[in-house]
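Pasting my_file08.txt here (compact mmCIF, C-alpha atoms and all ligand atoms):
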```txt
# COMPACT_ATOMS: atom_id res chain seq x y z
CA MET A 1 0.00 0.00 0.00
CA LYS A 2 1.23 3.44 -0.87
CA LYS A 3 1.02 6.15 1.76
CA ALA A 4 -0.24 9.54 0.63
CA GLY A 5 -0.81 12.75 2.53
CA ILE A 6 -3.43 15.32 1.57
CA PHE A 7 -2.84 18.90 2.58
CA GLY A 8 -5.59 21.30 1.62
CA GLY A 9 -6.29 24.91 2.43
CA THR A 10 -6.82 28.23 0.78
CA PHE A 11 -3.04 28.90 0.56
CA ASN A 12 -3.80 32.57 0.43
CA PRO A 13 -0.85 32.95 0.01
CA PRO A 14 1.23 29.78 0.54
CA HIS A 15 3.91 30.67 3.09
CA ILE A 16 6.90 28.91 4.56
CA GLY A 17 4.83 27.86 7.59
CA HIS A 18 2.74 25.67 5.26
CA ILE A 19 5.82 24.18 3.69
CA GLU A 20 7.64 23.47 6.95
CA SER A 21 4.57 21.80 8.48
CA VAL A 22 3.91 19.64 5.49
CA MET A 23 7.57 18.63 5.26
CA ALA A 24 7.51 17.57 8.91
CA ALA A 25 4.33 15.55 8.30
CA LYS A 26 5.77 13.87 5.23
CA GLN A 27 8.90 12.86 7.08
CA GLN A 28 7.27 11.73 10.32
CA LEU A 29 4.56 9.72 8.56
CA ASP A 30 7.01 8.37 6.01
CA LEU A 31 4.69 9.28 3.16
CA ASP A 32 5.38 8.18 -0.42
CA LEU A 33 3.40 10.98 -1.93
CA LEU A 34 1.95 14.31 -0.98
CA TYR A 35 -1.04 16.07 -2.51
CA LEU A 36 -1.24 19.82 -2.07
CA ILE A 37 -4.78 20.86 -2.95
CA PRO A 38 -5.85 24.48 -2.84
CA THR A 39 -9.52 25.03 -2.04
CA GLY A 40 -11.68 26.58 -4.73
CA HIS A 41 -14.53 28.01 -2.64
CA PRO A 42 -14.06 27.12 1.02
CA PRO A 43 -17.30 25.85 2.68
CA HIS A 44 -17.05 27.70 6.00
CA LYS A 45 -16.25 31.25 5.09
CA PRO A 46 -15.71 33.06 1.80
CA LEU A 47 -12.21 34.20 0.87
CA PRO A 48 -11.38 37.83 1.66
CA GLU A 49 -12.23 40.27 -1.09
CA ASP A 50 -8.69 41.01 -2.23
CA SER A 51 -7.88 37.33 -2.75
CA PRO A 52 -6.25 36.30 -6.02
CA GLU A 53 -7.95 34.06 -8.53
CA PRO A 54 -7.90 30.31 -7.72
CA GLU A 55 -5.51 29.85 -10.67
CA GLN A 56 -3.08 32.30 -9.09
CA ARG A 57 -3.19 30.49 -5.75
CA LEU A 58 -2.56 27.30 -7.68
CA SER A 59 0.42 28.84 -9.51
CA MET A 60 1.92 30.06 -6.22
CA LEU A 61 1.52 26.62 -4.71
CA LYS A 62 3.27 25.09 -7.70
CA LEU A 63 6.18 27.43 -7.06
CA ALA A 64 6.15 26.48 -3.37
CA SER A 65 6.15 22.77 -4.16
CA ARG A 66 9.47 23.01 -6.00
CA ALA A 67 11.07 22.76 -2.56
CA LEU A 68 9.37 19.41 -1.95
CA SER A 69 9.97 16.01 -3.49
CA GLU A 70 7.22 13.49 -4.44
CA THR A 71 4.61 16.22 -4.33
CA VAL A 72 1.65 16.82 -6.59
CA VAL A 73 -0.17 20.14 -6.67
CA SER A 74 -3.70 19.30 -7.71
CA ASP A 75 -6.39 21.52 -9.21
CA MET A 76 -9.16 19.06 -8.37
CA GLU A 77 -10.82 21.47 -5.95
CA THR A 78 -10.23 24.70 -7.81
CA ALA A 79 -11.45 23.06 -11.04
CA ARG A 80 -14.70 21.95 -9.36
CA GLY A 81 -15.79 25.59 -9.43
CA LYS A 82 -18.16 25.14 -6.50
CA ILE A 83 -17.82 24.76 -2.75
CA SER A 84 -14.96 22.38 -1.97
CA TYR A 85 -15.58 19.52 0.44
CA THR A 86 -12.67 17.45 1.71
CA ALA A 87 -14.87 14.33 1.76
CA ASP A 88 -15.45 14.68 -2.01
CA THR A 89 -11.72 15.10 -2.61
CA LEU A 90 -10.89 12.04 -0.53
CA HIS A 91 -13.59 10.07 -2.35
CA GLU A 92 -12.26 11.12 -5.74
CA LEU A 93 -8.70 10.13 -4.83
CA ARG A 94 -9.81 6.77 -3.42
CA GLU A 95 -11.73 6.00 -6.59
CA LYS A 96 -8.72 6.82 -8.72
CA TYR A 97 -6.05 5.25 -6.53
CA PRO A 98 -7.68 2.59 -4.36
CA ASP A 99 -4.40 0.97 -3.29
CA THR A 100 -3.36 3.95 -1.22
CA GLN A 101 -3.69 4.81 2.45
CA TYR A 102 -4.55 8.45 3.05
CA TRP A 103 -3.55 10.91 5.74
CA LEU A 104 -5.32 14.24 6.00
CA ILE A 105 -2.83 16.82 7.20
CA MET A 106 -4.15 19.89 8.98
CA GLY A 107 -3.43 22.54 11.60
CA GLY A 108 -4.84 22.57 15.12
CA ASP A 109 -7.63 25.10 14.47
CA MET A 110 -9.00 23.07 11.58
CA PHE A 111 -8.84 19.90 13.60
CA LEU A 112 -10.79 21.35 16.52
CA SER A 113 -13.72 22.14 14.20
CA ILE A 114 -13.60 18.94 12.15
CA GLU A 115 -16.83 17.54 13.57
CA GLN A 116 -18.74 20.20 11.64
CA TRP A 117 -17.31 19.10 8.31
CA TYR A 118 -19.44 17.61 5.58
CA ARG A 119 -19.50 13.76 5.77
CA VAL A 120 -16.96 13.67 8.57
CA ASP A 121 -17.79 10.01 9.26
CA TYR A 122 -16.59 9.17 5.72
CA ILE A 123 -13.39 11.15 6.33
CA PHE A 124 -12.71 9.32 9.60
CA ARG A 125 -13.45 5.91 8.05
CA HIS A 126 -11.08 6.34 5.12
CA SER A 127 -8.22 8.44 6.39
CA THR A 128 -6.01 9.17 9.35
CA ILE A 129 -5.98 12.75 10.56
CA ALA A 130 -2.48 14.14 11.03
CA VAL A 131 -2.45 17.31 13.10
CA PHE A 132 0.35 19.79 13.54
CA ALA A 133 -0.01 22.40 16.21
CA ARG A 134 1.86 24.75 18.49
CA ALA A 135 3.37 23.18 21.61
CA GLN A 136 0.98 25.08 23.88
CA GLU A 137 -2.00 23.55 22.04
CA LYS A 138 -0.75 20.01 22.38
CA GLU A 139 -2.85 19.03 25.42
CA LYS A 140 -6.03 20.39 23.89
CA ILE A 141 -5.37 18.60 20.60
CA LYS A 142 -4.56 15.32 22.32
CA ALA A 143 -7.81 15.52 24.34
CA HIS A 144 -9.78 16.14 21.15
CA MET A 145 -8.06 13.20 19.48
CA LYS A 146 -9.14 10.95 22.33
CA LYS A 147 -12.72 12.19 22.12
CA LEU A 148 -12.95 11.62 18.35
CA GLY A 149 -11.43 8.17 18.75
CA LEU A 150 -14.09 7.19 21.27
CA GLU A 151 -17.03 8.76 19.46
CA TYR A 152 -16.20 8.01 15.82
CA GLY A 153 -13.37 5.51 15.90
CA ALA A 154 -11.26 8.25 14.27
CA LYS A 155 -7.58 7.52 13.71
CA THR A 156 -5.40 10.49 14.53
CA VAL A 157 -1.71 11.30 14.82
CA TYR A 158 0.14 14.28 16.24
CA ILE A 159 2.90 15.86 14.13
CA ARG A 160 5.78 17.43 15.98
CA THR A 161 6.63 20.73 14.35
CA LYS A 162 7.20 24.33 15.17
CA PRO A 163 4.49 26.04 13.14
CA LEU A 164 5.44 29.59 12.32
CA ASP A 165 3.62 32.12 14.35
CA ILE A 166 2.05 33.72 11.32
CA SER A 167 -1.46 33.52 9.91
CA SER A 168 -2.29 34.21 6.29
CA THR A 169 -4.51 37.08 7.43
CA GLU A 170 -1.60 38.68 9.26
CA LEU A 171 0.70 38.03 6.33
CA ARG A 172 -1.68 39.73 3.89
CA ARG A 173 -1.74 42.76 6.18
CA MET A 174 2.05 42.78 6.35
CA LEU A 175 2.41 42.65 2.57
CA LYS A 176 0.53 45.95 2.27
CA ALA A 177 3.01 47.48 4.72
CA ARG A 178 6.20 46.40 2.89
CA GLU A 179 6.65 43.57 5.39
CA GLY A 180 6.34 39.77 5.43
CA LEU A 181 9.13 38.96 3.00
CA GLU A 182 10.72 36.52 5.45
CA PHE A 183 7.58 34.36 5.55
CA LEU A 184 7.50 33.69 1.82
CA GLN A 185 9.71 31.77 -0.56
CA PRO A 186 11.55 34.25 -2.78
CA ASP A 187 9.87 33.21 -6.03
CA ILE A 188 6.43 33.44 -4.42
CA TYR A 189 7.19 36.92 -3.14
CA ALA A 190 8.31 37.91 -6.65
CA TYR A 191 5.10 36.40 -8.08
CA ILE A 192 2.97 38.38 -5.61
CA VAL A 193 4.77 41.62 -6.48
CA SER A 194 4.72 41.19 -10.25
CA ASN A 195 1.05 40.20 -10.23
CA ARG A 196 0.18 43.01 -7.79
CA LEU A 197 -1.59 40.61 -5.41
CA TYR A 198 -2.94 41.56 -1.95
CA GLY A 199 -2.23 45.26 -2.49
CA VAL A 200 1.45 44.43 -1.91
CA LYS A 201 4.03 47.15 -1.59
CA PRO A 202 7.49 45.69 -2.11
CA ASP A 203 9.99 45.56 0.72
CA PHE A 204 12.70 48.10 -0.16
CA ARG A 205 15.53 45.74 0.82
CA TRP A 206 14.16 43.21 -1.64
CA LEU A 207 13.62 45.78 -4.36
CA LEU A 208 17.17 47.04 -3.96
CA SER A 209 18.66 43.55 -4.06
CA MET A 210 16.66 42.74 -7.20
CA SER A 211 17.94 45.93 -8.81
CA LEU A 212 21.58 45.62 -7.75
CA LYS A 213 21.75 42.08 -9.12
CA ARG A 214 21.34 43.55 -12.59
CA HIS A 215 24.12 46.10 -12.32
CA ASP A 216 27.82 45.67 -12.55
CA ALA A 217 29.87 46.68 -9.53
CA LYS A 218 30.73 50.13 -10.83
CA ARG A 219 27.12 51.25 -11.22
CA ILE A 220 26.01 50.12 -7.74
CA PRO A 221 27.20 53.29 -5.92
CA HIS A 222 25.30 55.35 -8.52
CA VAL A 223 22.03 53.49 -7.84
CA LEU A 224 22.48 53.82 -4.07
CA GLY A 225 23.40 57.49 -4.44
CA THR A 226 20.36 58.19 -6.61
CA GLU A 227 18.13 56.48 -4.06
CA GLN A 228 19.51 58.60 -1.24
CA GLU A 229 19.27 61.85 -3.22
CA ALA A 230 15.77 61.17 -4.54
CA VAL A 231 14.41 60.59 -1.04
CA LYS A 232 16.04 63.81 0.19
CA LEU A 233 14.63 65.79 -2.71
CA ALA A 234 11.15 64.30 -2.19
CA GLU A 235 11.28 65.28 1.46
CA ARG A 236 12.48 68.78 0.57
CA TRP A 237 9.78 69.41 -2.04
CA GLY A 238 6.78 67.59 -0.56
CA GLY A 239 6.95 64.61 -2.90
CA ASP A 240 6.26 61.02 -1.90
CA PRO A 241 9.58 59.65 -0.56
CA ASP A 242 8.49 56.03 -1.12
CA GLU A 243 7.66 56.68 -4.77
CA ALA A 244 10.93 58.59 -5.20
CA ARG A 245 12.85 55.75 -3.60
CA THR A 246 11.18 53.13 -5.79
CA ALA A 247 11.81 55.13 -8.96
CA ALA A 248 15.47 55.71 -8.03
CA ILE A 249 16.15 52.07 -7.13
CA LEU A 250 14.70 50.89 -10.44
CA HIS A 251 15.57 53.76 -12.79
CA ASP A 252 18.57 52.09 -14.45
CA ILE A 253 17.29 48.51 -14.18
CA THR A 254 18.01 47.73 -17.85
CA LYS A 255 21.05 49.95 -18.25
CA ASN A 256 23.37 46.96 -18.30
CA LEU A 257 21.73 45.55 -21.41
CA LYS A 258 23.32 45.99 -24.82
CA GLN A 259 21.56 47.90 -27.58
CA ASP A 260 20.36 44.71 -29.33
CA GLU A 261 18.91 43.43 -26.05
CA GLN A 262 17.22 46.81 -25.55
CA LEU A 263 15.72 46.52 -29.01
CA LEU A 264 14.47 43.00 -28.26
CA LEU A 265 12.71 44.31 -25.16
CA CYS A 266 11.17 47.11 -27.23
CA GLU A 267 9.86 44.53 -29.64
CA LYS A 268 8.57 42.27 -26.87
CA TYR A 269 6.62 45.06 -25.19
CA GLY A 270 5.67 47.03 -28.27
CA ILE A 271 7.69 50.07 -27.13
CA ILE A 272 7.76 52.74 -29.80
CA ILE A 273 11.18 54.30 -30.34
CA ASP A 274 12.09 57.37 -32.30
CA SER A 275 14.93 58.10 -34.72
CA VAL A 276 17.17 59.66 -32.05
CA GLU A 277 16.68 56.88 -29.52
CA ILE A 278 17.54 54.18 -32.01
CA LYS A 279 20.91 55.85 -32.68
CA THR A 280 21.84 56.89 -29.16
CA GLU A 281 22.84 53.89 -27.11
CA LYS A 282 22.20 55.31 -23.65
CA LEU A 283 18.65 56.53 -24.22
CA LEU A 284 16.64 53.33 -24.61
CA HIS A 285 17.13 52.05 -21.08
CA ALA A 286 14.65 54.63 -19.80
CA LYS A 287 11.78 53.20 -21.80
CA THR A 288 12.72 49.55 -21.39
CA GLY A 289 13.51 50.08 -17.70
CA ALA A 290 10.09 51.64 -17.05
CA ARG A 291 8.40 48.68 -18.70
CA VAL A 292 10.46 46.01 -16.93
CA ALA A 293 9.86 47.76 -13.61
CA TYR A 294 6.14 47.82 -14.40
CA GLU A 295 6.00 44.13 -15.33
CA GLU A 296 8.16 42.77 -12.55
CA PHE A 297 7.96 45.16 -9.65
CA GLY A 298 4.36 46.36 -9.60
CA ILE A 299 5.25 50.08 -9.83
CA SER A 300 2.64 52.85 -10.00
CA GLN A 301 1.99 54.94 -13.11
CA ASN A 302 3.85 57.89 -11.50
CA VAL A 303 6.97 55.82 -10.97
CA TYR A 304 6.65 54.38 -14.47
CA ASP A 305 6.55 57.89 -15.93
CA ALA A 306 9.49 59.10 -13.86
CA ILE A 307 11.66 56.23 -15.11
CA PHE A 308 10.35 56.58 -18.67
CA TRP A 309 11.46 60.24 -18.95
CA HIS A 310 14.58 60.14 -16.77
CA THR A 311 17.20 60.37 -19.51
CA THR A 312 15.82 63.23 -21.58
CA GLY A 313 13.24 65.01 -19.49
CA LYS A 314 10.19 66.40 -21.31
CA ALA A 315 7.87 69.40 -21.33
CA ASP A 316 5.63 69.75 -18.28
CA MET A 317 7.31 67.28 -15.95
CA SER A 318 5.62 66.06 -12.75
CA LEU A 319 7.29 66.58 -9.37
CA LEU A 320 8.44 62.96 -9.26
CA GLU A 321 9.84 63.19 -12.80
CA LYS A 322 11.85 66.27 -11.84
CA ILE A 323 13.08 64.63 -8.65
CA LEU A 324 14.33 61.52 -10.41
CA TYR A 325 15.92 63.49 -13.25
CA LEU A 326 17.82 65.67 -10.80
CA ALA A 327 18.68 62.96 -8.27
CA ASP A 328 20.20 60.94 -11.12
CA TYR A 329 22.20 64.05 -12.11
CA ILE A 330 23.53 65.22 -8.76
CA GLU A 331 23.73 62.06 -6.59
CA PRO A 332 26.78 62.04 -4.29
CA THR A 333 29.10 60.03 -6.56
CA ARG A 334 28.75 62.46 -9.49
CA GLU A 335 31.62 64.84 -10.15
CA PHE A 336 31.74 67.51 -12.84
CA ASP A 337 32.33 71.23 -13.16
CA GLY A 338 29.48 73.22 -11.70
CA ILE A 339 27.97 70.38 -9.66
CA ASP A 340 28.16 72.27 -6.36
CA ARG A 341 26.10 75.11 -7.77
CA LEU A 342 23.58 72.66 -9.24
CA ARG A 343 23.28 70.70 -5.97
CA ASP A 344 22.70 73.88 -4.04
CA LEU A 345 20.04 75.04 -6.51
CA CYS A 346 18.22 71.67 -6.33
CA TYR A 347 17.36 72.43 -2.71
CA ARG A 348 16.53 76.10 -3.25
CA ASP A 349 14.60 76.22 -6.54
CA LEU A 350 13.68 72.98 -8.22
CA ASN A 351 12.65 74.46 -11.59
CA LYS A 352 15.77 76.60 -11.87
CA ALA A 353 17.84 73.54 -11.01
CA LEU A 354 16.06 71.53 -13.69
CA LYS A 355 16.73 74.26 -16.25
CA LEU A 356 20.38 74.33 -15.35
CA ALA A 357 20.69 70.53 -15.45
CA LEU A 358 18.95 70.29 -18.82
CA SER A 359 21.17 72.96 -20.38
CA MET A 360 24.31 71.40 -18.91
CA SER A 361 23.28 68.04 -20.29
CA ILE A 362 22.58 69.45 -23.77
CA LEU A 363 25.93 71.27 -23.83
CA GLU A 364 27.80 68.24 -22.60
CA MET A 365 26.28 66.03 -25.30
CA GLU A 366 26.99 68.55 -28.03
CA SER A 367 30.60 68.83 -26.86
CA ARG A 368 30.92 65.06 -27.29
CA GLY A 369 29.40 65.20 -30.78
CA ILE A 370 26.14 63.51 -29.72
CA VAL A 371 22.84 64.97 -30.91
CA PRO A 372 20.78 65.76 -27.80
CA HIS A 373 17.23 64.44 -27.84
CA PRO A 374 14.79 67.21 -28.89
CA ARG A 375 12.67 66.38 -25.81
CA SER A 376 15.35 67.97 -23.61
CA SER A 377 15.06 71.28 -25.49
CA GLU A 378 11.28 71.05 -25.27
CA ALA A 379 11.61 70.59 -21.50
CA LEU A 380 13.81 73.71 -21.37
CA ARG A 381 11.44 75.79 -23.49
CA PHE A 382 8.51 74.76 -21.33
CA LEU A 383 10.36 75.99 -18.23
CA ASP A 384 11.30 79.26 -19.96
CA ASP A 385 7.67 79.89 -20.87
CA ALA A 386 6.34 79.00 -17.43
FE FE B 1 19.60 56.19 -16.57
FE FE B 2 21.13 56.70 -13.52
```
Could you spell out this file's structure in C-alpha cells?
Amino acid sequence: MKKAGIFGGTFNPPHIGHIESVMAAKQQLDLDLLYLIPTGHPPHKPLPEDSPEPEQRLSMLKLASRALSETVVSDMETARGKISYTADTLHELREKYPDTQYWLIMGGDMFLSIEQWYRVDYIFRHSTIAVFARAQEKEKIKAHMKKLGLEYGAKTVYIRTKPLDISSTELRRMLKAREGLEFLQPDIYAYIVSNRLYGVKPDFRWLLSMSLKRHDAKRIPHVLGTEQEAVKLAERWGGDPDEARTAAILHDITKNLKQDEQLLLCEKYGIIIDSVEIKTEKLLHAKTGARVAYEEFGISQNVYDAIFWHTTGKADMSLLEKILYLADYIEPTREFDGIDRLRDLCYRDLNKALKLALSMSILEMESRGIVPHPRSSEALRFLDDA
C-alpha cells in the first residue's frame, strides 16, 4: 500500500509555515506521496475580497512545491468551481487510486472544528488525521483526538513541528506594509509583487537587491546614491519619498543591457522608439527600464513615468519626474564642473535647477558630438515659458 498525505487549504498565500509543516508531516509519517490541494470556494467562510484568482493560488503553490519532493499540486478542488468539500476530494482520490492509504494533514484550528465538516464520518473511516499544532496547544489537541477516537473511531496522529507564528490574514496585512518577505519563498514573493496581489508594496531591501543584481559593480554606488538623493529631494519638495525611492532604485534597471537586447525588449513590449533613440545607445534604457519595472515590480503609473522620462526630461514634468531626473544628475558620486552650484540650486529652486541641469546636459552632449534628444530642449522651453 502506498502512503499519501493530503494537505488542503486556501493557501492565500502559501507561506513557509505551510511548507515546513507539510515537510515535517511527510517525514514523520514516512509518506510516499503528498497532494497539495488548494480550495476553490471554502465551505465555511468566503475568501477575503482582495484574494487572487484560484488559478493564481494554484500557480503560487506550484512554485512552493518546488522545494518538496514526491509532491503533486492538484487543481481538483479549484477546477470543481463550487464549494470544496474534503470528503469529495478524498472520495475522488480513493476511486482513482484505491491501493493507497490516506492521511489528512491539517493545523490545530481546523482539527478542533472537524466535527462540523461535511461527511466527517466518511473522512474518519477512510483516512487518518495528522495534526500539527503549536506546543501550547498540544494538550487540547490530544484531548480532542481521544474524544474523536471514542465517538467516531477516528484515527489520529500528532505531528511534531514548530508552526510559524504567522497567519495568512496577518501576512496579507504585512504585505501591504512592505513587510512579510521573510515568511515567503523568494519566487512566491516575486510572483505576488509582479502580479500586484494583496495590495502588496514591495519591501525596499528586496527591491534594492533585485535591482543591484542587474548592475555591474561600478554602477552600484550610482544606484544607491540616486536612491539617497531622490528621497532627500522628495522630502524637501513635498513629494512622496516612497515613490521617489522606488523610482530611483529601479531607474537604471536595464542599463546593463546591450543595444540589441534593448531593441528586443522594445519589440517584446511594443515600445515605440524614435529616430534619435535608435541611434543613441544610452537613451533606450529609460523606456525599457520603465516597462520592466512595471511588469516585474508592480510600480505605479507615477513611478513608471518618472523612469520613462529620466534620460531626456520632457515638457511639463511632474514633481516625481523632476526629482528623479535631478537625483540621477547630482547624486553624491557624481563629479563635474558646476555640480556644487547645481546641488545647491536643487534644494533652493527645483525648476531653476532643472533648467540648469537640462542645459548642462545638452551642452555636454553637443561637446561630445552627440545629438541631444529634442525632448530635452522642449523641456527647457517649457520651463522658460512658465
Ligand atoms: Fe539612466
Ligand atoms: Fe542613472
Which residue of A:Thr100, A:Thr156, A:Ile188, A:Leu233 approaches A:Leu345 most closely, using all atoms listed in the file: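 Among A:Thr100, A:Thr156, A:Ile188, A:Leu233, it is A:Leu233 that comes nearest to A:Leu345.
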Near A:Tyr294, counting only C-alpha atoms, which residues have an atom at most 12 Å away, once you skip same-chain residues fewer than 3 positions from it, shown as JSON, numbers by chain? {"A": [193, 194, 195, 196, 246, 247, 250, 251, 253, 269, 287, 288, 289, 290, 291, 297, 298, 299, 300, 301, 302, 303, 304, 305, 306, 307, 308]}
Residues near A:Glu229, cut-off 12 Å, all atoms listed in the file, skip fewer than 6 positions along chain, as a PyMOL selection string: chain A and resi 221-223+235-236+241+244-245+247-249+323-334+343+346-347
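The smallest atom-to-atom distance between A:Thr86 and any of A:Asp349, A:Glu267, A:Asp121, A:Glu182, using only C-alpha atoms, is found for A:Asp121.
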Just want the residues within 7 Å of ligand FE 1 (chain B), written as number ranges by chain, counting all atoms listed in the file. A: 251-252, 255, 285-286, 310-311
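If you look at atom CA of A:Tyr191 and atom CA of A:Met60, they are 7.3 Å away from each other.
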Compile the contact shell of A:Thr71 as a compact mmCIF listing (two decimals) with C-alpha atoms, keeping the file's coordinate frame: residues with an atom at most 8 Å away, counting only C-alpha atoms, same-chain residues fewer than 6 positions apart removed.
```txt
# COMPACT_ATOMS: atom_id res chain seq x y z
CA LEU A 33 3.40 10.98 -1.93
CA LEU A 34 1.95 14.31 -0.98
CA TYR A 35 -1.04 16.07 -2.51
CA LEU A 36 -1.24 19.82 -2.07
CA SER A 65 6.15 22.77 -4.16
```
For a test of reading the model, state the distance in Å between atom CA of A:Lys282 and atom CA of A:Ile370, rounded to one decimal. 10.9 Å
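Checking A:Ile141, A:Ala25, A:Ile166, A:Ala230 one by one against ligand FE 2 (chain B), counting all atoms listed in the file, you find the shortest gap at A:Ala230.
One finds atom CA of A:Pro202 at 8.6 Å from atom CA of A:Leu181.
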When you get a chance, write out N, CA and C atoms for stretch 94-107 of chain A, as a short mmCIF file (atom, residue, chain, number, x, y, z; two decimals), in the frame of the given file.
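Done, and the output landed in out27.cif:
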```cif
data_model
loop_
_atom_site.label_atom_id
_atom_site.label_comp_id
_atom_site.auth_asym_id
_atom_site.auth_seq_id
_atom_site.Cartn_x
_atom_site.Cartn_y
_atom_site.Cartn_z
N ARG A 94 -9.69 8.21 -3.72
CA ARG A 94 -9.81 6.77 -3.42
C ARG A 94 -10.31 5.99 -4.63
N GLU A 95 -11.21 6.64 -5.37
CA GLU A 95 -11.73 6.00 -6.59
C GLU A 95 -10.60 5.79 -7.60
N LYS A 96 -9.79 6.84 -7.74
CA LYS A 96 -8.72 6.82 -8.72
C LYS A 96 -7.56 5.91 -8.30
N TYR A 97 -7.20 6.02 -7.05
CA TYR A 97 -6.05 5.25 -6.53
C TYR A 97 -6.49 4.46 -5.29
N PRO A 98 -7.14 3.34 -5.50
CA PRO A 98 -7.68 2.59 -4.36
C PRO A 98 -6.60 1.94 -3.48
N ASP A 99 -5.43 1.67 -4.08
CA ASP A 99 -4.40 0.97 -3.29
C ASP A 99 -3.53 1.95 -2.52
N THR A 100 -4.12 2.94 -1.95
CA THR A 100 -3.36 3.95 -1.22
C THR A 100 -4.02 4.21 0.13
N GLN A 101 -3.19 4.40 1.14
CA GLN A 101 -3.69 4.81 2.45
C GLN A 101 -3.57 6.33 2.53
N TYR A 102 -4.58 6.98 3.06
CA TYR A 102 -4.55 8.45 3.05
C TYR A 102 -4.45 9.04 4.45
N TRP A 103 -3.65 10.09 4.52
CA TRP A 103 -3.55 10.91 5.74
C TRP A 103 -4.01 12.32 5.40
N LEU A 104 -4.90 12.84 6.21
CA LEU A 104 -5.32 14.24 6.00
C LEU A 104 -4.50 15.09 6.94
N ILE A 105 -3.73 16.00 6.37
CA ILE A 105 -2.83 16.82 7.20
C ILE A 105 -3.49 18.17 7.45
N MET A 106 -3.52 18.58 8.70
CA MET A 106 -4.15 19.89 8.98
C MET A 106 -3.59 20.53 10.26
N GLY A 107 -3.85 21.81 10.40
CA GLY A 107 -3.43 22.54 11.60
C GLY A 107 -4.43 22.34 12.74
#
```
